[in-house]
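Heads up, target-v1.cif below (mmCIF, C-alpha atoms):
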```cif
data_data
#
loop_
_atom_site.label_atom_id
_atom_site.label_comp_id
_atom_site.auth_asym_id
_atom_site.auth_seq_id
_atom_site.Cartn_x
_atom_site.Cartn_y
_atom_site.Cartn_z
CA MET A 152 66.18 -79.09 -71.48
CA GLN A 153 69.80 -77.96 -71.21
CA CYS A 154 71.44 -75.72 -68.63
CA GLU A 155 71.90 -72.28 -70.17
CA LYS A 156 75.15 -71.79 -68.26
CA CYS A 157 77.07 -75.03 -68.79
CA GLY A 158 74.98 -77.05 -71.27
CA THR A 159 74.32 -79.99 -68.95
CA GLU A 160 71.22 -82.02 -69.84
CA LEU A 161 68.63 -81.37 -67.15
CA HIS A 162 65.82 -83.53 -65.86
CA PRO A 163 62.53 -81.55 -65.80
CA LYS A 164 62.23 -82.00 -62.03
CA TYR A 165 65.64 -80.50 -61.22
CA VAL A 166 65.69 -77.30 -59.21
CA ALA A 167 69.36 -76.57 -59.89
CA CYS A 168 71.91 -77.81 -62.41
CA PRO A 169 73.93 -80.67 -60.81
CA THR A 170 77.08 -79.49 -62.62
CA CYS A 171 77.20 -75.72 -62.07
CA GLY A 172 74.37 -75.10 -59.58
CA ALA A 173 72.52 -72.65 -61.84
CA PRO A 174 68.74 -72.48 -61.27
CA VAL A 175 66.46 -74.43 -63.58
CA PRO A 176 63.60 -72.40 -65.12
CA GLN A 177 60.11 -73.42 -64.07
CA THR A 178 56.50 -72.73 -64.97
CA ILE A 179 54.24 -71.33 -62.26
CA GLU A 180 50.62 -72.38 -62.23
CA GLY A 181 48.53 -69.83 -64.10
CA PHE A 182 51.62 -68.22 -65.71
CA GLU A 183 52.44 -70.43 -68.69
CA ASN A 184 55.11 -68.00 -69.92
CA THR A 185 57.15 -67.99 -66.68
CA ILE A 186 60.15 -69.68 -68.31
CA ASP A 187 60.24 -67.10 -71.11
CA PHE A 188 60.27 -64.30 -68.52
CA GLN A 189 63.00 -65.99 -66.50
CA ARG A 190 65.25 -66.42 -69.53
CA GLU A 191 64.75 -62.83 -70.69
CA LEU A 192 65.46 -61.50 -67.20
CA ARG A 193 68.66 -63.52 -67.07
CA ALA A 194 69.58 -62.21 -70.51
CA ILE A 195 69.36 -58.66 -69.13
CA VAL A 196 72.13 -59.52 -66.65
CA VAL A 197 74.27 -61.38 -69.18
CA GLU A 198 74.08 -58.61 -71.78
CA ASN A 199 74.20 -55.56 -69.50
CA GLY A 200 75.93 -56.69 -66.35
CA PRO A 201 74.57 -57.01 -62.78
CA ARG A 202 74.61 -53.24 -62.21
CA ALA A 203 71.82 -52.82 -64.76
CA ILE A 204 69.29 -54.50 -62.49
CA MET A 205 70.16 -52.19 -59.58
CA ASN A 206 69.40 -49.01 -61.54
CA LYS A 207 65.64 -48.50 -61.37
CA ASN A 208 65.13 -46.54 -64.60
CA ARG A 209 67.57 -48.62 -66.62
CA PHE A 210 66.09 -51.91 -65.46
CA ILE A 211 62.52 -50.84 -66.27
CA GLY A 212 63.67 -49.75 -69.73
CA LEU A 213 65.46 -53.04 -70.33
CA LEU A 214 62.39 -54.91 -69.11
CA TYR A 215 60.32 -53.27 -71.85
CA ASP A 216 63.04 -53.94 -74.46
CA HIS A 217 63.38 -57.62 -73.64
CA ILE A 218 59.69 -58.34 -72.96
CA PRO A 219 57.61 -56.12 -75.26
CA ASP A 220 54.63 -58.49 -75.07
CA HIS A 221 52.73 -59.94 -72.09
CA ASN A 222 51.91 -56.53 -70.64
CA LYS A 223 50.08 -57.86 -67.59
CA GLU A 224 52.96 -59.98 -66.34
CA ARG A 225 55.58 -57.35 -67.20
CA ARG A 226 53.65 -54.68 -65.28
CA LEU A 227 53.38 -57.05 -62.33
CA LEU A 228 57.15 -57.51 -62.21
CA GLN A 229 57.72 -53.80 -62.76
CA ASN A 230 55.36 -52.78 -59.94
CA MET A 231 56.81 -55.30 -57.50
CA TYR A 232 60.34 -54.14 -58.36
CA LEU A 233 59.31 -50.52 -57.69
CA MET A 234 57.72 -51.59 -54.38
CA GLY A 235 61.09 -52.93 -53.25
CA VAL A 236 60.55 -56.70 -53.48
CA PHE A 237 63.78 -57.26 -55.44
CA LYS A 238 65.71 -55.15 -52.94
CA MET A 239 64.07 -57.06 -50.10
CA LEU A 240 65.52 -60.31 -51.44
CA LEU A 241 69.01 -58.84 -51.25
CA GLU A 242 68.72 -57.50 -47.70
CA ASP A 243 69.15 -60.84 -45.91
CA ASP A 244 72.22 -63.07 -46.19
CA ASN A 245 70.05 -66.14 -45.68
CA ARG A 246 68.29 -66.74 -49.00
CA GLU A 247 65.56 -68.88 -47.42
CA ILE A 248 64.63 -66.13 -44.97
CA ALA A 249 64.86 -63.49 -47.70
CA VAL A 250 62.41 -65.42 -49.89
CA MET A 251 60.11 -66.00 -46.91
CA LYS A 252 59.99 -62.30 -46.07
CA ALA A 253 59.39 -61.30 -49.69
CA LYS A 254 56.61 -63.86 -50.09
CA SER A 255 55.00 -62.75 -46.84
CA PHE A 256 55.09 -59.14 -48.05
CA LEU A 257 53.56 -60.01 -51.43
CA ILE A 258 50.68 -62.01 -49.96
CA GLY A 259 50.17 -60.25 -46.63
CA ASP A 260 50.83 -56.60 -47.50
CA VAL A 261 50.35 -56.29 -51.25
CA PHE A 262 47.52 -58.90 -51.21
CA LEU A 263 48.68 -60.68 -54.36
CA ALA A 264 47.12 -64.04 -55.18
CA GLU A 265 49.37 -66.92 -54.18
CA ASN A 266 50.29 -67.88 -57.74
CA ALA A 267 51.05 -64.25 -58.68
CA ALA A 268 53.36 -63.98 -55.67
CA GLU A 269 55.08 -67.22 -56.70
CA PHE A 270 55.52 -65.90 -60.25
CA VAL A 271 57.29 -62.79 -58.92
CA ILE A 272 59.52 -64.81 -56.56
CA ALA A 273 60.37 -67.36 -59.28
CA CYS A 274 61.35 -64.59 -61.72
CA PHE A 275 63.40 -62.51 -59.28
CA THR A 276 65.27 -65.50 -57.80
CA TYR A 277 66.10 -66.73 -61.31
CA LEU A 278 67.33 -63.23 -62.16
CA LEU A 279 69.64 -63.45 -59.13
CA GLY A 280 70.80 -66.95 -60.06
CA TRP A 281 69.21 -68.55 -56.98
CA PRO A 282 67.70 -72.05 -57.21
CA TYR A 283 64.10 -71.92 -55.98
CA GLU A 284 61.38 -74.56 -56.14
CA SER A 285 57.91 -73.06 -56.04
CA PRO A 286 55.09 -75.05 -54.41
CA LEU A 287 53.02 -74.03 -57.45
CA ARG A 288 55.56 -75.27 -59.98
CA VAL A 289 53.98 -77.10 -62.92
CA LEU A 290 55.93 -80.17 -64.07
CA PRO A 291 55.65 -81.38 -67.68
CA ASP A 292 53.87 -84.60 -66.74
CA GLU A 293 51.30 -83.05 -64.39
CA GLY A 294 48.79 -81.79 -66.95
CA GLU A 295 46.28 -79.02 -66.32
CA PRO A 296 45.31 -78.00 -62.75
CA GLU A 297 41.93 -78.98 -61.40
CA PRO A 298 39.24 -76.34 -62.06
CA GLU A 299 38.07 -75.95 -58.44
CA PRO A 300 41.47 -75.12 -56.88
CA VAL A 301 42.10 -72.60 -59.63
CA LYS A 302 38.84 -70.84 -58.75
CA LYS A 303 39.84 -70.68 -55.11
CA ARG A 304 43.23 -69.19 -55.87
CA ALA A 305 41.66 -66.65 -58.20
CA LEU A 306 39.49 -65.31 -55.37
CA SER A 307 40.84 -61.91 -54.36
CA ILE A 308 41.26 -60.82 -50.75
CA ASP A 309 39.44 -57.59 -51.62
CA SER A 310 36.53 -59.33 -53.39
CA LYS A 311 34.10 -58.59 -50.56
CA ILE A 312 35.23 -56.58 -47.55
CA PHE A 313 33.48 -56.51 -44.16
CA ARG A 314 33.99 -52.90 -43.02
CA PRO A 315 33.58 -51.08 -39.67
CA ILE A 316 30.27 -49.64 -40.91
CA ASP A 317 29.01 -53.23 -41.35
CA ALA A 318 30.09 -54.10 -37.81
CA VAL A 319 28.21 -51.24 -36.13
CA ARG A 320 24.94 -53.18 -35.98
CA TYR A 321 26.69 -55.85 -33.89
CA ARG A 322 28.00 -53.35 -31.36
CA LEU A 323 25.93 -54.61 -28.43
CA ARG A 324 25.61 -58.27 -29.43
CA SER A 325 27.34 -61.12 -27.65
CA ASN A 326 27.27 -63.71 -30.44
CA ILE A 327 27.62 -62.88 -34.12
CA GLU A 328 27.97 -64.71 -37.43
CA ILE A 329 29.51 -63.04 -40.47
CA ALA A 330 27.82 -64.14 -43.68
CA GLU A 331 29.46 -66.33 -46.31
CA GLY A 332 31.12 -64.55 -49.21
CA TYR A 333 33.15 -62.03 -47.24
CA THR A 334 36.88 -62.36 -48.00
CA LYS A 335 38.37 -59.76 -45.66
CA ILE A 336 37.57 -58.18 -42.30
CA GLU A 337 38.88 -54.64 -42.46
CA SER A 338 41.20 -53.10 -39.86
CA PHE A 339 39.66 -52.06 -36.49
CA CYS A 340 36.26 -53.54 -37.42
CA PHE A 341 35.42 -54.88 -33.96
CA ASP A 342 38.06 -52.99 -31.98
CA GLY A 343 36.83 -52.47 -28.41
CA TYR A 344 33.53 -54.37 -28.81
CA GLY A 345 33.22 -55.25 -25.14
CA SER A 346 30.04 -57.33 -25.43
CA LEU A 347 31.36 -59.73 -28.08
CA ARG A 348 31.72 -63.30 -26.79
CA THR A 349 31.69 -65.56 -29.85
CA VAL A 350 32.10 -64.94 -33.58
CA ILE A 351 31.54 -67.34 -36.48
CA LEU A 352 33.66 -66.44 -39.48
CA PRO A 353 32.78 -67.34 -43.11
CA SER A 354 34.55 -70.19 -44.90
CA THR A 355 35.43 -67.70 -47.67
CA LEU A 356 37.52 -65.46 -45.39
CA LEU A 357 41.09 -64.82 -46.62
CA ALA A 358 42.33 -61.97 -44.42
CA ILE A 359 41.80 -60.36 -41.02
CA GLY A 360 42.98 -56.74 -40.88
CA GLU A 361 45.03 -54.88 -38.28
CA TYR A 362 43.48 -54.76 -34.79
CA ALA A 363 40.23 -56.15 -36.22
CA PHE A 364 39.27 -57.79 -32.89
CA SER A 365 41.60 -55.97 -30.50
CA SER A 366 40.36 -55.24 -26.97
CA CYS A 367 37.33 -57.53 -27.31
CA LYS A 368 37.62 -58.21 -23.58
CA ARG A 369 34.96 -60.97 -23.45
CA LEU A 370 35.74 -62.80 -26.70
CA ARG A 371 36.02 -66.50 -25.89
CA GLY A 372 34.91 -68.54 -28.89
CA LEU A 373 36.88 -68.22 -32.11
CA GLU A 374 37.38 -70.74 -34.93
CA LEU A 375 39.55 -69.50 -37.78
CA PRO A 376 38.50 -70.93 -41.19
CA GLU A 377 40.89 -73.04 -43.25
CA SER A 378 40.63 -70.50 -46.09
CA LEU A 379 42.43 -67.83 -44.03
CA LYS A 380 45.79 -66.71 -45.44
CA VAL A 381 46.60 -63.46 -43.63
CA ILE A 382 46.24 -62.28 -40.01
CA LYS A 383 47.51 -58.74 -39.69
CA GLN A 384 49.22 -56.95 -36.81
CA GLY A 385 47.43 -56.79 -33.47
CA ALA A 386 44.36 -58.60 -34.80
CA PHE A 387 43.51 -60.22 -31.44
CA CYS A 388 45.61 -58.23 -28.98
CA GLN A 389 44.16 -57.67 -25.49
CA CYS A 390 41.40 -60.24 -25.92
CA ALA A 391 41.62 -61.08 -22.24
CA LYS A 392 39.19 -64.06 -22.26
CA LEU A 393 40.49 -65.78 -25.41
CA ALA A 394 41.76 -69.17 -24.24
CA MET A 395 42.34 -71.31 -27.34
CA VAL A 396 43.19 -70.63 -30.99
CA LYS A 397 44.05 -72.88 -33.91
CA ILE A 398 45.99 -71.10 -36.66
CA PRO A 399 44.99 -72.60 -40.03
CA THR A 400 47.48 -74.08 -42.46
CA GLY A 401 48.50 -71.47 -45.01
CA ILE A 402 49.31 -68.63 -42.61
CA LEU A 403 52.92 -67.59 -43.31
CA GLU A 404 53.52 -65.12 -40.51
CA ILE A 405 52.28 -64.26 -37.04
CA GLU A 406 52.71 -60.50 -37.12
CA ASP A 407 53.60 -57.99 -34.38
CA SER A 408 51.30 -57.98 -31.33
CA THR A 409 48.84 -60.44 -32.90
CA PHE A 410 48.01 -62.09 -29.55
CA SER A 411 49.73 -59.71 -27.15
CA PHE A 412 48.19 -59.55 -23.66
CA CYS A 413 45.69 -62.32 -24.33
CA THR A 414 46.06 -63.10 -20.64
CA SER A 415 43.84 -66.22 -20.70
CA LEU A 416 45.45 -67.83 -23.76
CA GLU A 417 46.52 -71.35 -22.83
CA THR A 418 46.50 -73.28 -26.10
CA ILE A 419 47.53 -72.21 -29.58
CA ASP A 420 48.17 -74.50 -32.54
CA ILE A 421 50.75 -73.17 -35.02
CA PRO A 422 50.98 -74.96 -38.41
CA ASP A 423 54.18 -75.77 -40.30
CA THR A 424 53.48 -73.04 -42.87
CA VAL A 425 54.39 -70.32 -40.37
CA SER A 426 57.95 -69.08 -40.87
CA SER A 427 58.03 -65.81 -38.89
CA ILE A 428 56.83 -64.58 -35.49
CA GLY A 429 56.89 -60.80 -35.01
CA ALA A 430 57.58 -58.41 -32.15
CA GLU A 431 55.44 -58.96 -29.02
CA ALA A 432 53.30 -61.46 -30.92
CA PHE A 433 52.56 -63.33 -27.65
CA SER A 434 53.80 -60.76 -25.14
CA GLY A 435 51.88 -60.82 -21.87
CA CYS A 436 50.23 -64.21 -22.46
CA GLU A 437 50.59 -65.13 -18.80
CA LYS A 438 48.81 -68.50 -18.95
CA LEU A 439 50.61 -69.79 -22.05
CA ARG A 440 52.56 -72.75 -20.74
CA LYS A 441 53.26 -75.07 -23.65
CA LEU A 442 53.84 -74.06 -27.26
CA TYR A 443 55.06 -76.28 -30.10
CA LEU A 444 56.92 -74.37 -32.83
CA PRO A 445 57.54 -76.26 -36.08
CA ASP A 446 60.83 -76.45 -37.95
CA SER A 447 59.40 -74.08 -40.57
CA VAL A 448 59.87 -71.12 -38.20
CA LYS A 449 63.01 -69.25 -39.31
CA PHE A 450 62.57 -65.90 -37.57
CA ILE A 451 61.36 -64.91 -34.10
CA ASP A 452 61.59 -61.37 -32.76
CA THR A 453 63.49 -61.07 -29.48
CA ASN A 454 60.37 -59.77 -27.66
CA ALA A 455 57.87 -62.17 -29.22
CA PHE A 456 57.38 -64.02 -25.89
CA SER A 457 58.15 -61.30 -23.35
CA TYR A 458 56.16 -61.49 -20.09
CA CYS A 459 55.27 -65.16 -20.60
CA PRO A 460 56.68 -66.43 -17.28
CA ASN A 461 55.32 -69.99 -17.50
CA LEU A 462 56.13 -70.73 -21.14
CA THR A 463 58.02 -73.79 -22.34
CA ILE A 464 58.59 -73.99 -26.10
CA HIS A 465 58.69 -77.45 -27.67
CA CYS A 466 60.99 -77.67 -30.70
CA PHE A 467 63.42 -79.81 -32.69
CA GLU A 468 67.06 -80.07 -31.71
CA ASN A 469 69.41 -77.68 -33.58
CA SER A 470 66.47 -75.95 -35.25
CA TYR A 471 66.26 -72.17 -35.47
CA VAL A 472 63.70 -72.25 -32.63
CA HIS A 473 66.02 -74.32 -30.43
CA LYS A 474 68.87 -71.83 -30.96
CA PHE A 475 66.50 -68.92 -30.33
CA CYS A 476 65.46 -70.40 -26.99
CA LEU A 477 69.09 -70.92 -25.98
CA SER A 478 70.06 -67.36 -26.96
CA ASN A 479 67.10 -65.77 -25.19
CA ARG A 480 67.02 -68.04 -22.14
CA ILE A 481 63.54 -69.35 -22.82
CA ASN A 482 62.54 -72.73 -21.36
CA PHE A 483 62.31 -75.45 -23.99
CA ARG A 484 61.74 -79.16 -24.48
CA LEU A 485 63.13 -81.04 -27.47
CA VAL A 486 60.91 -83.32 -29.54
CA THR A 487 61.75 -86.01 -32.08
CA SER A 488 60.48 -86.17 -35.66
CA ALA A 489 57.76 -88.49 -34.39
CA GLY A 490 56.56 -85.84 -31.94
CA ILE A 491 57.96 -87.64 -28.87
CA GLU A 492 59.50 -85.44 -26.22
CA GLU A 493 63.08 -86.13 -25.25
CA ASP A 494 64.15 -86.23 -21.64
#
```

Full structure transcribed into structure tokens:
Amino acid sequence: MQCEKCGTELHPKYVACPTCGAPVPQTIEGFENTIDFQRELRAIVVENGPRAIMNKNRFIGLLYDHIPDHNKERRLLQNMYLMGVFKMLLEDDNREIAVMKAKSFLIGDVFLAENAAEFVIACFTYLLGWPYESPLRVLPDEGEPEPEPVKKRALSIDSKIFRPIDAVRYRLRSNIEIAEGYTKIESFCFDGYGSLRTVILPSTLLAIGEYAFSSCKRLRGLELPESLKVIKQGAFCQCAKLAMVKIPTGILEIEDSTFSFCTSLETIDIPDTVSSIGAEAFSGCEKLRKLYLPDSVKFIDTNAFSYCPNLTIHCFENSYVHKFCLSNRINFRLVTSAGIEED
């Protein structure tokens, strides 16, 4: 493979050309024609200039001209462009944060499958000339993906939705178990269920909707399944008895007010897939004393930890989190890469 910009011979595992820095095309798992799309998108810029991609009608027309086949993938790119994903990438000067926000929007708000979201990001970043290495990139020597993981990724968030009408029968129960097979708990499902103490969630669950368990004043026991990918705004706000939560790996964002005024919350485990913490996400968590935030976190809203008087955030030196704590006068302790706290 040669760099299309300068002709340098490229190793298949390169992300960017070592000579000119141009991005290297890549195949995304489940989208074998990703490289063809990337090259045609780049050709649109080369042949028509960068202004062509900023004009909605012109860009859509050029998209059809350059990619007359592969209707499914073309429509996906067209729809995501019209929904503002391309514009979203341009709104932040920090490319890493811009990509993080766009990916969070695609998975958390549009509910795209992970590989479809990666296809969109890989195409749009290549169009912009940004090097980007997708976690679902397929290298030439890797062969076909295993059947079972492909089936899991193909499972849609909306495959089987647990709705408020399904929750009504649990209105007066203290302990409930949601059956296997459900992939999403719809918004406001258990909002204000004052009798609810424990809930067992299915291993198939992918998303918890807005305010799904808000104001469950007696909710104590909660184990989030490893399958979970999205927790929407205010999902557990004002759960006054909730004391401990482990966020599963794969969650990209802790949205606004997710755990606000969980006044008994003492322990929360945040994985290194989380990159963003929204407004008032932990506001009013009076008993939260110690919180480790990984280096993956690149955005924290100013009010994310308001009214947490006893909180000390544990973080890496010179990380975004460290600088956030300094700027907002939040107590912190530095840790080493081995997890050892520094004096």

**Request:** Determine the nearest neighbour of Asp187 in chain A from the options A:Met251, A:Leu357, A:His221, A:Glu284, counting all atoms listed in the file.
**Result:**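 Of A:Met251, A:Leu357, A:His221, A:Glu284, the one nearest Asp187 in chain A is A:His221, counting all atoms listed in the file.
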
Convert the output of the PyMOL selection byres ((chain A and resi 322) around 12) on the shown file into explicit residues, formatted as a CSV table (one decimal) with C-alpha atoms, in the frame of the given file.
```
chain,number,residue,atom,x,y,z
A,315,PRO,CA,33.6,-51.1,-39.7
A,316,ILE,CA,30.3,-49.6,-40.9
A,317,ASP,CA,29.0,-53.2,-41.4
A,318,ALA,CA,30.1,-54.1,-37.8
A,319,VAL,CA,28.2,-51.2,-36.1
A,320,ARG,CA,24.9,-53.2,-36.0
A,321,TYR,CA,26.7,-55.8,-33.9
A,323,LEU,CA,25.9,-54.6,-28.4
A,324,ARG,CA,25.6,-58.3,-29.4
A,325,SER,CA,27.3,-61.1,-27.6
A,326,ASN,CA,27.3,-63.7,-30.4
A,327,ILE,CA,27.6,-62.9,-34.1
A,340,CYS,CA,36.3,-53.5,-37.4
A,341,PHE,CA,35.4,-54.9,-34.0
A,342,ASP,CA,38.1,-53.0,-32.0
A,343,GLY,CA,36.8,-52.5,-28.4
A,344,TYR,CA,33.5,-54.4,-28.8
A,345,GLY,CA,33.2,-55.2,-25.1
A,346,SER,CA,30.0,-57.3,-25.4
A,347,LEU,CA,31.4,-59.7,-28.1
A,348,ARG,CA,31.7,-63.3,-26.8
A,367,CYS,CA,37.3,-57.5,-27.3
```

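From CA of Leu444 in chain A back to CA of Ala386 in chain A, the distance works out to 20.3 Å.
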
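Distance-wise, CA of Cys154 in chain A and CA of Asp244 in chain A end up 25.8 Å apart.
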
**Asked** What residues come out when you apply the PyMOL selection byres ((chain A and resi 178-180) around 8) to this file, written as a list in words?
**Response**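 Given this file, the PyMOL selection byres ((chain A and resi 178-180) around 8) evaluates to Pro176, Gln177, Gly181, Phe182, Glu183, Asn184, Thr185, Ile186, Asn266, Glu269, Phe270, Ala273, Ser285, Leu287, Arg288, Val289, Leu290 and Pro296 of chain A.
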
Selection to disk with C-alpha atoms, as a PDB file, in the frame of the given file:
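Writing the result to selection_19.pdb gives the following:
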```pdb
ATOM      1  CA  PRO A 176      63.600 -72.400 -65.120  1.00  0.00           C
ATOM      2  CA  GLN A 177      60.110 -73.420 -64.070  1.00  0.00           C
ATOM      3  CA  GLY A 181      48.530 -69.830 -64.100  1.00  0.00           C
ATOM      4  CA  PHE A 182      51.620 -68.220 -65.710  1.00  0.00           C
ATOM      5  CA  GLU A 183      52.440 -70.430 -68.690  1.00  0.00           C
ATOM      6  CA  ASN A 184      55.110 -68.000 -69.920  1.00  0.00           C
ATOM      7  CA  THR A 185      57.150 -67.990 -66.680  1.00  0.00           C
ATOM      8  CA  ILE A 186      60.150 -69.680 -68.310  1.00  0.00           C
ATOM      9  CA  ASN A 266      50.290 -67.880 -57.740  1.00  0.00           C
ATOM     10  CA  GLU A 269      55.080 -67.220 -56.700  1.00  0.00           C
ATOM     11  CA  PHE A 270      55.520 -65.900 -60.250  1.00  0.00           C
ATOM     12  CA  ALA A 273      60.370 -67.360 -59.280  1.00  0.00           C
ATOM     13  CA  SER A 285      57.910 -73.060 -56.040  1.00  0.00           C
ATOM     14  CA  LEU A 287      53.020 -74.030 -57.450  1.00  0.00           C
ATOM     15  CA  ARG A 288      55.560 -75.270 -59.980  1.00  0.00           C
ATOM     16  CA  VAL A 289      53.980 -77.100 -62.920  1.00  0.00           C
ATOM     17  CA  LEU A 290      55.930 -80.170 -64.070  1.00  0.00           C
ATOM     18  CA  PRO A 296      45.310 -78.000 -62.750  1.00  0.00           C
TER      19      PRO A 296
END
```

**Request:** Carefully work through the PyMOL selection byres ((chain A and resi 351) around 10) for this structure and note down the residues it includes, as a VMD selection string.
**Result:** chain A and resid 326 to 330 349 to 350 352 to 354 372 to 376

**Item:** Nearby residues (all atoms listed in the file) at most 8 Å from range 449-461 of chain A, same-chain spacing under 3 positions excluded, as a list in words
**Value:** Ile248, Asp407, Ser426, Ser427, Ile428, Gly429, Ala430, Glu431, Ala432, Phe433, Ser434, Gly435, Cys436, Glu437, Lys438, Leu439, Arg440, Asp446, Tyr471, Val472, Phe475 and Asn479 of chain A

**Message:** (40.3, -55.6, -37.4) in this file's frame - what residues fall within 7 Å of it? Use only C-alpha atoms and give the answer as a list in words.
**Reply:**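 In the file's frame, the residues around the point are Ile336, Glu337, Ser338, Phe339, Cys340, Phe341, Asp342, Ile359, Gly360, Glu361, Tyr362, Ala363, Phe364 and Ala386 of chain A.
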
**Asked** When you draw a straight line from CA of His465 in chain A to CA of Glu404 in chain A, how long is it in Å?
**Response** 18.5 Å

Might I get the box with edges along x, y and z of the file that holds all atoms of range 215-231 of chain A listed there, padded by 5 Å on every side, given as centre and edge lengths in Å to one decimal, as AutoDock Vina command-line options?
```
--center_x 56.7 --center_y -56.4 --center_z -66.4 --size_x 23.3 --size_y 17.2 --size_z 27.8
```

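Closest approach to Gln384 in chain A among A:Gly200, A:Gly259, A:Gly401, A:Gly158: A:Gly259, based on only C-alpha atoms.
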
**Spatial neighbours of Cys274 in chain A, 8 Å, all atoms listed in the file, chain gap at least 6 places, as a list in words** =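 Listed by chain and then number, they are Thr185, Phe188, Gln189 and Leu192 of chain A.
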
**Cys466 in chain A environment, 10 Å, all atoms listed in the file, sequence neighbours closer than 5 positions dropped, as a list of chain:residue names** =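 My list of contacting residues is A:Leu442, A:Tyr443, A:Leu444, A:Pro445, A:Asp446, A:Tyr471, A:Val472, A:His473, A:Lys474, A:Cys476, A:Phe483, A:Arg484, A:Leu485, A:Val486, A:Thr487, A:Ser488, A:Gly490, A:Glu492.
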
**Asked** Could you list as a ChimeraX atom specification every residue that has an atom within 6 Å of (42.8, -64.2, -41.5), using the file's coordinates and counting all atoms listed in the file?
**Response** /A:357-359,379-382
